[in-house]
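Student: Below is the structure I would like to discuss, written out as C-alpha cells.
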Amino acid sequence: MTVRAAVRADLLALSADTLASLANRGLVKRATKDLDAGAGPDVSVADDGLVRAVHEDGTQTELPPGAGLDRGRCSCAAPGTCRHLVGLVLAHQRTAGAGPGTVAAADGEPPAPWSPGAFGDEALAAAVGARALARARRVFEGGYTAEVHPATPAAPEPWVELPTCTVRFPVPGEIGHALTDASPALRGEMLALAVWAFRAAGARPAEPGAAAPVRLEVGGGHHPSRAARTALDRAVTAVDDLLADGVAHAGPLVGGSLRSSGTALASAGLHWPAGVVADLAAQVEAYGDRSAAHRAEDLAALAGELYARHRVAAAGPGAYADVLGVREAGETALRRVRLVALGCRVRGAGPATCAEVFFAHPEAGVVLVLRKEWTAREGDGTPPPSGPDVGTRRVLGTTLRALATGSLISESARRTAGRALVLGRSRVATTTVVAVGSAWTSLPEPLLVRDLVAHTADWDRRPPRLLRPRVAAETVRVVELSWVGPVAYDPAGQRLSAEVRDAAGNGAVLSAGYDPRCPDALDVLADALAEGAGTRWVSGVLSRAGGRVRIDPLAVLTPAGVTVPDLAPAASGSVPASADRVPPPVGGPATHRADDDVATAVGRALTALAEAAHHGLRSSPPSVLSALDDAGDRLARCGLDRAAGLVRAVPAALPRGVTAVRDAWVEAQIRLLVTAELHRERDVRAG
C-alpha cells in the first residue's frame, strides 16, 4: 500500500463503529481481514482531497472530498457502499499511520463543540448530491419540525430528530459521514434537512441553557395552509353536530363522516387532529356496535382535545406545529435497523384483543410501537384471546412472545409520524429476531434512565397532554433499579405495587393493575420482582402521581432473562403468591386517595360533562343538568371556584341556545382536563 500527498482528516476520524453504521459490520470485518493479510489496496490522495484506491482484483475506487461513503465511486458491481469503499477508508487510515477514529481523540481531549449549520448549501450539494438537495428544498418550502440537540463538551456529537428519522454527525466538522436511520434512498434528503435545522436553531436568539434541545419549525410559512384550516374547521363542525345531538342519537353515518374528516386532515398534514378524529369515530362506532370499547368519558376527552387544538390553530403563529402535527411526514422508510424489544402491553374490549410491542431504537433515541389485533369469532362461543394466548400467535415468522423479548433486525421497516412501527414483507429485505441478551443495559440515554429525578426535571414545562404531540410510547423507558422493596398487593384495588429506587437512589413506585385479559400477569410480575437480589432493569410507562414518579411495568430483566407479565402464563395461583396482601404504600400508585375531595370533585364534574355530551347538549335530561349543578357545588367546596363557575355555566346557557351551551361545555371540559392532569401529577390544590 502507498500514500501520496495530503491526508483526509475526515476519514481518519471515522471509528470502526461509525464505519459499521455507514456500511455494515460484516464489510468492515472483511476489509480489515484483507488488510491484515497484506491484500489491501494502493491508496493515493490528490491535492484537492480526492482519495483513489486500486485493489488487488483490479477494482478502482474513488471518494470525493466532503462526501460520505454513499457518494463514493467503485468499479465493482455491488450496489451502495461496498467492501472496496470500506477498504479504501481503512487502508488510508493505516497508510497515514493512524487507527480508526484517531483524529477525533488525537490530543486526548474531546473535540470542541461545533454545528452542522455552519455548512453552506454548496457543501451540502457536494455531500448529498443535487437531486437529494432539490427534494429537500421542496420539503423545506412546505416546512417541517425538528428537535435540535447541539454539541456540548460532554456530548460532542450533534444530532437532530426529524419527524420520522434521526440524523447524527459523529465526525467533528464533517457532514458527509452523517448517520441516519432513514433508508439509503432518503439519506441525502434527511441530511440536508438536518443541516438546515441546525442553521435555523443557530439563527434564534441565544437563551439560558442554550445547549439544551431546541424544538422548532424550519422553513415554510407561519400558518397551516388554507386547505388544512378548512379540513380542521369541517372536522370541528362535525363534532359540534355530534355534541349537539348526542352520541346516543347519532345515526350510522356519523362514524363514517368522522373518518372522512380524519382522512382529509391527514391529507392536509394535520396528523394530530387526524388522530383525534379517528379515535372519535372509533368511539362512535363502538357505541353503535354496543362494544365495551366505548366510554363516554373517553369520547368527551377526545372532543375537548380537538377543540383545544383548533383554538391554537386559530390563535396565530407559535407552537402550532407541535399542536397540530403540521408538516409531519406520514411514513418514512428506515434503513437496516436493529430494534430492542422492551416488552408488550395487552388490552382488550369486547371480542378484540390488541397487543402493543415496544421497541427501543437506540440510534434514534426513541421508542416505536408495533400493534397487532386479534378478534374472536362471533357466534361460536370462543372467548377473546388472552395475553398468554396471543403470546403464542405467529408474527413475522416467530411468536409474539419471542418478538417482545428479542431484538428485531429489519430491512423493511417504516416509521410513522406518531412513532408507530410498520413492518413489510419482502423477498429481498429480510426481518429476523434474535435474543435480546443484555441489550437493555447498554441502551443510550434517554432510553435507559438511571436518574428519574433528572429525567423528569422538565416535565413541569411540558404543555398539557391534550396539546402535546400524539406520539406513541412517549414515556416508555428502561429504568435501572438499585433496590426493590417488598411487593404489596391490594385486593380491593386489585393492584400490585412496590417501592423501588433507581441507580441514583431516587425513590419511585412500581405499580401494575389487574386486567382480565392477562389474568396471570400480577403473579408473574410478583415472582420476577422477588427473584434474586441487586440491580434489576424494568421497562415501563413512566408517569407521576401525587408528585412521585410511577412505573407501570411492561417487562423485567432478571438473571434468568426478560419476563413479559402480560404474555407469560403463571406457575402459581390466581392471586400473586409472592406478594403481601396489604394496601399499596402511602403516596403510591393510586390515582386518587379515598379522601381526596379535589380528585373526586373533578372526576364527578368530568363524568357529568361526558353524560351531557352523550345525551346531547341540545336537550340534556334533568338528571344530567342536576348532576352538573351538583358537580359545580363540589368544585366550589374544594376551592376550585373558576372551574365551578364554568361547569355551572353549561346548564345556565340553555336558554341562549345550543351554540352557547356548546361553548360553555368546551370551556369547562378543557379546564377540567388540564386540572385533572395537574392534580394527578403534582397534587395541585389550587382553583
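Please note that chains go A, B, ... in the order of the C-alpha cells, that every chain numbers its residues from 1, and that ligands are numbered from 1 in the order shown.
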From the DSSP assignment of the backbone, select every residue of segment 369-436 of chain A that is strand (DSSP E), and format the answer as a compact mmCIF listing (two decimals) with N, CA and C atoms, in the first residue's frame.

Tutor:
# COMPACT_ATOMS: atom_id res chain seq x y z
N VAL A 369 -43.68 1.54 18.35
CA VAL A 369 -44.71 0.60 18.79
C VAL A 369 -45.24 -0.17 17.59
N LEU A 370 -45.26 -1.49 17.73
CA LEU A 370 -45.85 -2.38 16.73
C LEU A 370 -47.17 -2.91 17.29
N ARG A 371 -48.28 -2.65 16.61
CA ARG A 371 -49.60 -3.05 17.09
C ARG A 371 -50.13 -4.23 16.28
N LYS A 372 -50.69 -5.19 16.99
CA LYS A 372 -51.35 -6.34 16.37
C LYS A 372 -52.68 -6.57 17.09
N GLU A 373 -53.69 -6.98 16.34
CA GLU A 373 -55.01 -7.17 16.95
C GLU A 373 -55.61 -8.49 16.46
N TRP A 374 -56.28 -9.16 17.39
CA TRP A 374 -56.98 -10.41 17.07
C TRP A 374 -58.41 -10.31 17.59
N THR A 375 -59.35 -10.86 16.85
CA THR A 375 -60.76 -10.81 17.22
C THR A 375 -61.32 -12.22 17.27
N ARG A 394 -48.37 -16.32 15.76
CA ARG A 394 -47.23 -16.12 14.88
C ARG A 394 -47.23 -14.70 14.31
N VAL A 395 -46.09 -14.03 14.42
CA VAL A 395 -45.90 -12.69 13.88
C VAL A 395 -44.51 -12.64 13.26
N THR A 398 -42.27 -15.69 13.77
CA THR A 398 -41.95 -16.12 15.12
C THR A 398 -43.16 -15.88 16.00
N THR A 399 -43.05 -16.19 17.28
CA THR A 399 -44.17 -15.95 18.18
C THR A 399 -44.12 -14.51 18.70
N GLY A 406 -37.08 -10.06 22.27
CA GLY A 406 -35.90 -10.20 21.42
C GLY A 406 -35.48 -8.88 20.81
N SER A 407 -34.51 -8.97 19.92
CA SER A 407 -34.05 -7.82 19.13
C SER A 407 -34.48 -8.06 17.69
N LEU A 408 -35.10 -7.07 17.11
CA LEU A 408 -35.63 -7.16 15.74
C LEU A 408 -34.65 -6.49 14.79
N ILE A 409 -34.22 -7.22 13.78
CA ILE A 409 -33.34 -6.68 12.74
C ILE A 409 -34.12 -6.72 11.44
N SER A 410 -34.36 -5.54 10.84
CA SER A 410 -35.24 -5.47 9.68
C SER A 410 -34.68 -4.54 8.61
N ALA A 413 -38.56 -1.91 7.43
CA ALA A 413 -39.33 -1.21 8.46
C ALA A 413 -39.65 0.20 8.01
N ARG A 414 -40.80 0.67 8.46
CA ARG A 414 -41.22 2.05 8.23
C ARG A 414 -41.68 2.64 9.56
N ARG A 415 -41.47 3.92 9.71
CA ARG A 415 -41.81 4.62 10.95
C ARG A 415 -42.77 5.75 10.63
N THR A 416 -43.90 5.81 11.34
CA THR A 416 -44.87 6.87 11.11
C THR A 416 -44.54 8.08 11.97
N LEU A 421 -44.60 1.53 14.37
CA LEU A 421 -43.69 0.74 13.55
C LEU A 421 -44.50 -0.10 12.57
N VAL A 422 -44.15 -0.01 11.31
CA VAL A 422 -44.83 -0.78 10.26
C VAL A 422 -43.78 -1.67 9.62
N LEU A 423 -44.02 -2.97 9.61
CA LEU A 423 -43.07 -3.93 9.03
C LEU A 423 -43.70 -4.58 7.81
N THR A 431 -36.29 -9.76 7.63
CA THR A 431 -36.58 -9.37 9.01
C THR A 431 -36.30 -10.58 9.89
N THR A 432 -35.44 -10.42 10.87
CA THR A 432 -35.09 -11.52 11.75
C THR A 432 -35.21 -11.07 13.20
N VAL A 433 -35.37 -12.05 14.09
CA VAL A 433 -35.47 -11.80 15.53
C VAL A 433 -34.42 -12.63 16.23
N VAL A 434 -33.62 -11.99 17.07
CA VAL A 434 -32.58 -12.68 17.84
C VAL A 434 -32.79 -12.39 19.32
N ALA A 435 -32.13 -13.15 20.17
CA ALA A 435 -32.27 -12.97 21.62
C ALA A 435 -31.79 -11.58 22.02

Student: Select from segment 213-242 of chain A everything DSSP, run on the backbone, classes as alpha helix (DSSP H), then give the selection as a VMD selection string.

Tutor: chain A and resid 226 to 242

Student: List the spatial neighbours of Ser75 of chain A as a PyMOL selection string - criterion: any atom at most 9 Å away, only C-alpha atoms, same-chain residues fewer than 5 positions off excluded.

Tutor: chain A and resi 58-61

Student: Selection from above, all heavy atoms, as a PDB file, in the first residue's frame, can you write it?

Tutor:
ATOM      1  N   GLY A  58      -8.103  -5.482  -9.152  1.00  0.00           N
ATOM      2  CA  GLY A  58      -8.218  -4.520 -10.236  1.00  0.00           C
ATOM      3  C   GLY A  58      -9.322  -3.499 -10.054  1.00  0.00           C
ATOM      4  O   GLY A  58      -9.435  -2.564 -10.862  1.00  0.00           O
ATOM      5  N   THR A  59     -10.102  -3.641  -9.032  1.00  0.00           N
ATOM      6  CA  THR A  59     -11.194  -2.692  -8.792  1.00  0.00           C
ATOM      7  C   THR A  59     -10.622  -1.330  -8.423  1.00  0.00           C
ATOM      8  O   THR A  59      -9.682  -1.233  -7.631  1.00  0.00           O
ATOM      9  CB  THR A  59     -12.107  -3.190  -7.664  1.00  0.00           C
ATOM     10  OG1 THR A  59     -12.642  -4.459  -8.026  1.00  0.00           O
ATOM     11  CG2 THR A  59     -13.251  -2.224  -7.420  1.00  0.00           C
ATOM     12  N   GLN A  60     -11.226  -0.284  -8.991  1.00  0.00           N
ATOM     13  CA  GLN A  60     -10.788   1.081  -8.712  1.00  0.00           C
ATOM     14  C   GLN A  60     -11.894   1.813  -7.949  1.00  0.00           C
ATOM     15  O   GLN A  60     -13.066   1.743  -8.303  1.00  0.00           O
ATOM     16  CB  GLN A  60     -10.461   1.830 -10.006  1.00  0.00           C
ATOM     17  CG  GLN A  60      -9.326   1.186 -10.791  1.00  0.00           C
ATOM     18  CD  GLN A  60      -8.931   2.004 -12.018  1.00  0.00           C
ATOM     19  OE1 GLN A  60      -9.215   3.198 -12.094  1.00  0.00           O
ATOM     20  NE2 GLN A  60      -8.263   1.359 -12.964  1.00  0.00           N
ATOM     21  N   THR A  61     -11.483   2.526  -6.901  1.00  0.00           N
ATOM     22  CA  THR A  61     -12.430   3.194  -6.013  1.00  0.00           C
ATOM     23  C   THR A  61     -11.999   4.632  -5.812  1.00  0.00           C
ATOM     24  O   THR A  61     -10.805   4.924  -5.703  1.00  0.00           O
ATOM     25  CB  THR A  61     -12.480   2.484  -4.646  1.00  0.00           C
ATOM     26  OG1 THR A  61     -12.701   1.098  -4.843  1.00  0.00           O
ATOM     27  CG2 THR A  61     -13.602   3.031  -3.789  1.00  0.00           C
TER      28      THR A  61
END

Student: Near Trp537 of chain A, counting only C-alpha atoms, which residues have an atom at most 7 Å away, once you skip same-chain residues fewer than 3 positions from it, shown as a list of chain:residue names?

Tutor: A:Val478, A:Val479, A:Glu480, A:Leu481, A:Val556, A:Leu557

Student: Could you write out that same residue set with N, CA and C atoms as a tab-separated table (two decimals), in the first residue's frame?

Tutor:
chain	number	residue	atom	x	y	z
A	478	VAL	N	-36.55	2.22	29.91
A	478	VAL	CA	-35.96	1.20	30.77
A	478	VAL	C	-35.35	1.92	31.96
A	479	VAL	N	-35.67	1.47	33.17
A	479	VAL	CA	-35.16	2.10	34.39
A	479	VAL	C	-34.23	1.11	35.09
A	480	GLU	N	-33.03	1.57	35.39
A	480	GLU	CA	-32.10	0.75	36.16
A	480	GLU	C	-32.40	0.94	37.65
A	481	LEU	N	-32.68	-0.18	38.32
A	481	LEU	CA	-33.05	-0.13	39.72
A	481	LEU	C	-31.90	-0.64	40.59
A	556	VAL	N	-39.51	-7.17	32.80
A	556	VAL	CA	-38.48	-7.15	33.83
A	556	VAL	C	-37.30	-7.98	33.34
A	557	LEU	N	-36.10	-7.43	33.47
A	557	LEU	CA	-34.88	-8.17	33.12
A	557	LEU	C	-34.25	-8.69	34.40

Student: Leaving out Glu611 of chain A and any residue of its chain fewer than 2 positions from it, which residues lie within 12 Å of it when counting only C-alpha atoms, given as a PyMOL selection string?

Tutor: chain A and resi 243+246-248+295-301+604-609+613-617+619-628+665+669

Student: List the neighbours of segment 250-259 of chain A out to 6 Å using only C-alpha atoms; skip same-chain residues closer than 5 positions along the sequence, and give me the result as JSON, numbers by chain.

Tutor: {"A": [278, 281, 284, 285]}

Student: Kindly save the residues from that selection, with all heavy atoms included, as an mmCIF file, in the first residue's frame.

Tutor:
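Saved file out.cif follows:
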data_model
loop_
_atom_site.group_PDB
_atom_site.id
_atom_site.type_symbol
_atom_site.label_atom_id
_atom_site.label_comp_id
_atom_site.auth_asym_id
_atom_site.auth_seq_id
_atom_site.Cartn_x
_atom_site.Cartn_y
_atom_site.Cartn_z
ATOM 1 N N ALA A 278 -60.021 10.317 14.262
ATOM 2 C CA ALA A 278 -60.114 8.866 14.038
ATOM 3 C C ALA A 278 -60.525 8.142 15.318
ATOM 4 O O ALA A 278 -61.339 7.215 15.287
ATOM 5 C CB ALA A 278 -58.781 8.328 13.524
ATOM 6 N N ALA A 281 -64.223 8.748 15.873
ATOM 7 C CA ALA A 281 -65.022 7.876 15.011
ATOM 8 C C ALA A 281 -65.089 6.466 15.575
ATOM 9 O O ALA A 281 -66.155 5.821 15.555
ATOM 10 C CB ALA A 281 -64.431 7.858 13.596
ATOM 11 N N VAL A 284 -67.610 6.430 18.429
ATOM 12 C CA VAL A 284 -68.999 6.465 17.944
ATOM 13 C C VAL A 284 -69.406 5.103 17.382
ATOM 14 O O VAL A 284 -70.500 4.593 17.666
ATOM 15 C CB VAL A 284 -69.161 7.567 16.883
ATOM 16 C CG1 VAL A 284 -70.541 7.491 16.230
ATOM 17 C CG2 VAL A 284 -68.955 8.942 17.511
ATOM 18 N N GLU A 285 -68.523 4.498 16.615
ATOM 19 C CA GLU A 285 -68.829 3.193 16.039
ATOM 20 C C GLU A 285 -68.913 2.121 17.120
ATOM 21 O O GLU A 285 -69.734 1.206 17.042
ATOM 22 C CB GLU A 285 -67.773 2.839 14.988
ATOM 23 C CG GLU A 285 -67.838 3.722 13.752
ATOM 24 C CD GLU A 285 -66.618 3.576 12.863
ATOM 25 O OE1 GLU A 285 -65.649 2.893 13.284
ATOM 26 O OE2 GLU A 285 -66.610 4.146 11.761
#

Student: Would you mind listing, for every residue of segment 340-438 of chain A within 10 Å of segment 170-181 of chain A, the two atoms forming the shortest contact and the distance between them in Å to one decimal, using only C-alpha atoms, sorted by chain and ascending residue number, as a Markdown table?

Tutor:
| residue | atom | partner | partner_atom | distance |
| --- | --- | --- | --- | --- |
| A:His361 | CA | A:Asp181 | CA | 9.2 |
| A:Glu363 | CA | A:Asp181 | CA | 7.1 |
| A:Ala364 | CA | A:Asp181 | CA | 7.1 |
| A:Arg415 | CA | A:Asp181 | CA | 9.9 |

Student: With only C-alpha atoms as the basis for distance, which of A:Val214, A:Ala235, A:Val167, A:Leu90 is at the shortest distance from Leu186 of chain A?

Tutor: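 Using only C-alpha atoms, Leu186 of chain A sits closest to A:Val167.
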
Student: Show which residues sit within 12 Å of segment 456-466 of chain A, as a PyMOL selection string. Count only C-alpha atoms, and ignore same-chain residues fewer than 5 positions away.

Tutor: chain A and resi 212-213+272-273+275-276+301-312+319-320+322-324+446+449-451+471+474-475+477+506+508+542-544+547-550+669-679+681-682

Student: Name the closest residue to Leu522 of chain A among the candidates A:Glu217, A:Asp597, A:Asp490, A:Glu499; distances are taken between atoms, counting only C-alpha atoms.

Tutor: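 Result for the nearest residue to Leu522 of chain A: A:Asp490.
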
Student: Determine the nearest neighbour of Leu216 of chain A from the options A:Ala653, A:Ala20, A:Leu162, A:Ala130, counting only C-alpha atoms.

Tutor: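 Ranked by minimum distance to Leu216 of chain A, first place goes to A:Leu162.
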
Student: Counting only C-alpha atoms, what are the residues of segment 279-321 of chain A within 12 Å of segment 337-358 of chain A, and for each of them which pair of atoms is the nearest and at what distance in Å, to one decimal? Sort the table by chain and rising number, as CSV.

Tutor:
residue,atom,partner,partner_atom,distance
A:Gln283,CA,A:Ala349,CA,11.8
A:Ala286,CA,A:Gly350,CA,9.6
A:Tyr287,CA,A:Gly350,CA,11.6
A:Asp289,CA,A:Gly350,CA,10.0
A:Arg290,CA,A:Gly350,CA,9.0
A:Ser291,CA,A:Gly350,CA,5.8
A:Ala292,CA,A:Ala349,CA,5.3
A:Ala293,CA,A:Ala349,CA,5.0
A:His294,CA,A:Ala349,CA,8.7
A:Arg295,CA,A:Ala349,CA,10.9

Student: Hey, can you spit out that residue selection with N, CA, C and O atoms as an mmCIF file, in the first residue's frame?

Tutor:
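To be explicit, this is the file written out as out_19.cif:
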data_model
loop_
_atom_site.group_PDB
_atom_site.id
_atom_site.type_symbol
_atom_site.label_atom_id
_atom_site.label_comp_id
_atom_site.auth_asym_id
_atom_site.auth_seq_id
_atom_site.Cartn_x
_atom_site.Cartn_y
_atom_site.Cartn_z
ATOM 1 N N GLN A 283 -64.911 5.641 18.707
ATOM 2 C CA GLN A 283 -65.797 5.671 19.873
ATOM 3 C C GLN A 283 -67.267 5.653 19.444
ATOM 4 O O GLN A 283 -68.095 4.949 20.037
ATOM 5 N N ALA A 286 -68.074 2.225 18.147
ATOM 6 C CA ALA A 286 -68.127 1.255 19.247
ATOM 7 C C ALA A 286 -69.454 1.354 19.988
ATOM 8 O O ALA A 286 -70.034 0.337 20.394
ATOM 9 N N TYR A 287 -69.973 2.591 20.159
ATOM 10 C CA TYR A 287 -71.272 2.725 20.814
ATOM 11 C C TYR A 287 -72.370 2.103 19.953
ATOM 12 O O TYR A 287 -73.262 1.413 20.461
ATOM 13 N N ASP A 289 -72.069 -0.336 17.954
ATOM 14 C CA ASP A 289 -71.922 -1.799 17.995
ATOM 15 C C ASP A 289 -72.127 -2.362 19.396
ATOM 16 O O ASP A 289 -71.966 -3.575 19.595
ATOM 17 N N ARG A 290 -72.456 -1.487 20.352
ATOM 18 C CA ARG A 290 -72.602 -1.892 21.757
ATOM 19 C C ARG A 290 -71.335 -2.563 22.281
ATOM 20 O O ARG A 290 -71.361 -3.541 23.016
ATOM 21 N N SER A 291 -70.198 -2.005 21.868
ATOM 22 C CA SER A 291 -68.903 -2.561 22.259
ATOM 23 C C SER A 291 -68.439 -1.959 23.570
ATOM 24 O O SER A 291 -68.693 -0.783 23.868
ATOM 25 N N ALA A 292 -67.712 -2.774 24.342
ATOM 26 C CA ALA A 292 -67.142 -2.284 25.602
ATOM 27 C C ALA A 292 -66.026 -1.279 25.368
ATOM 28 O O ALA A 292 -65.569 -0.632 26.314
ATOM 29 N N ALA A 293 -65.592 -1.102 24.122
ATOM 30 C CA ALA A 293 -64.546 -0.120 23.827
ATOM 31 C C ALA A 293 -65.050 1.308 23.960
ATOM 32 O O ALA A 293 -64.255 2.247 24.046
ATOM 33 N N HIS A 294 -66.384 1.486 23.988
ATOM 34 C CA HIS A 294 -66.935 2.838 24.111
ATOM 35 C C HIS A 294 -66.998 3.263 25.567
ATOM 36 O O HIS A 294 -67.483 2.523 26.432
ATOM 37 N N ARG A 295 -66.496 4.468 25.845
ATOM 38 C CA ARG A 295 -66.622 5.098 27.154
ATOM 39 C C ARG A 295 -66.985 6.554 26.932
ATOM 40 O O ARG A 295 -66.297 7.273 26.193
#

Student: Pick from A:Val218, A:Leu50, A:Ala123, A:Glu445: nearest to Gly143 of chain A, with only C-alpha atoms counted?

Tutor: A:Val218

Student: To one decimal place in Å, what is the distance between atom CA of Gln494 of chain A and atom CA of Tyr514 of chain A?

Tutor: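 Interatomic distance, atom CA of Gln494 of chain A to atom CA of Tyr514 of chain A: 5.6 Å.
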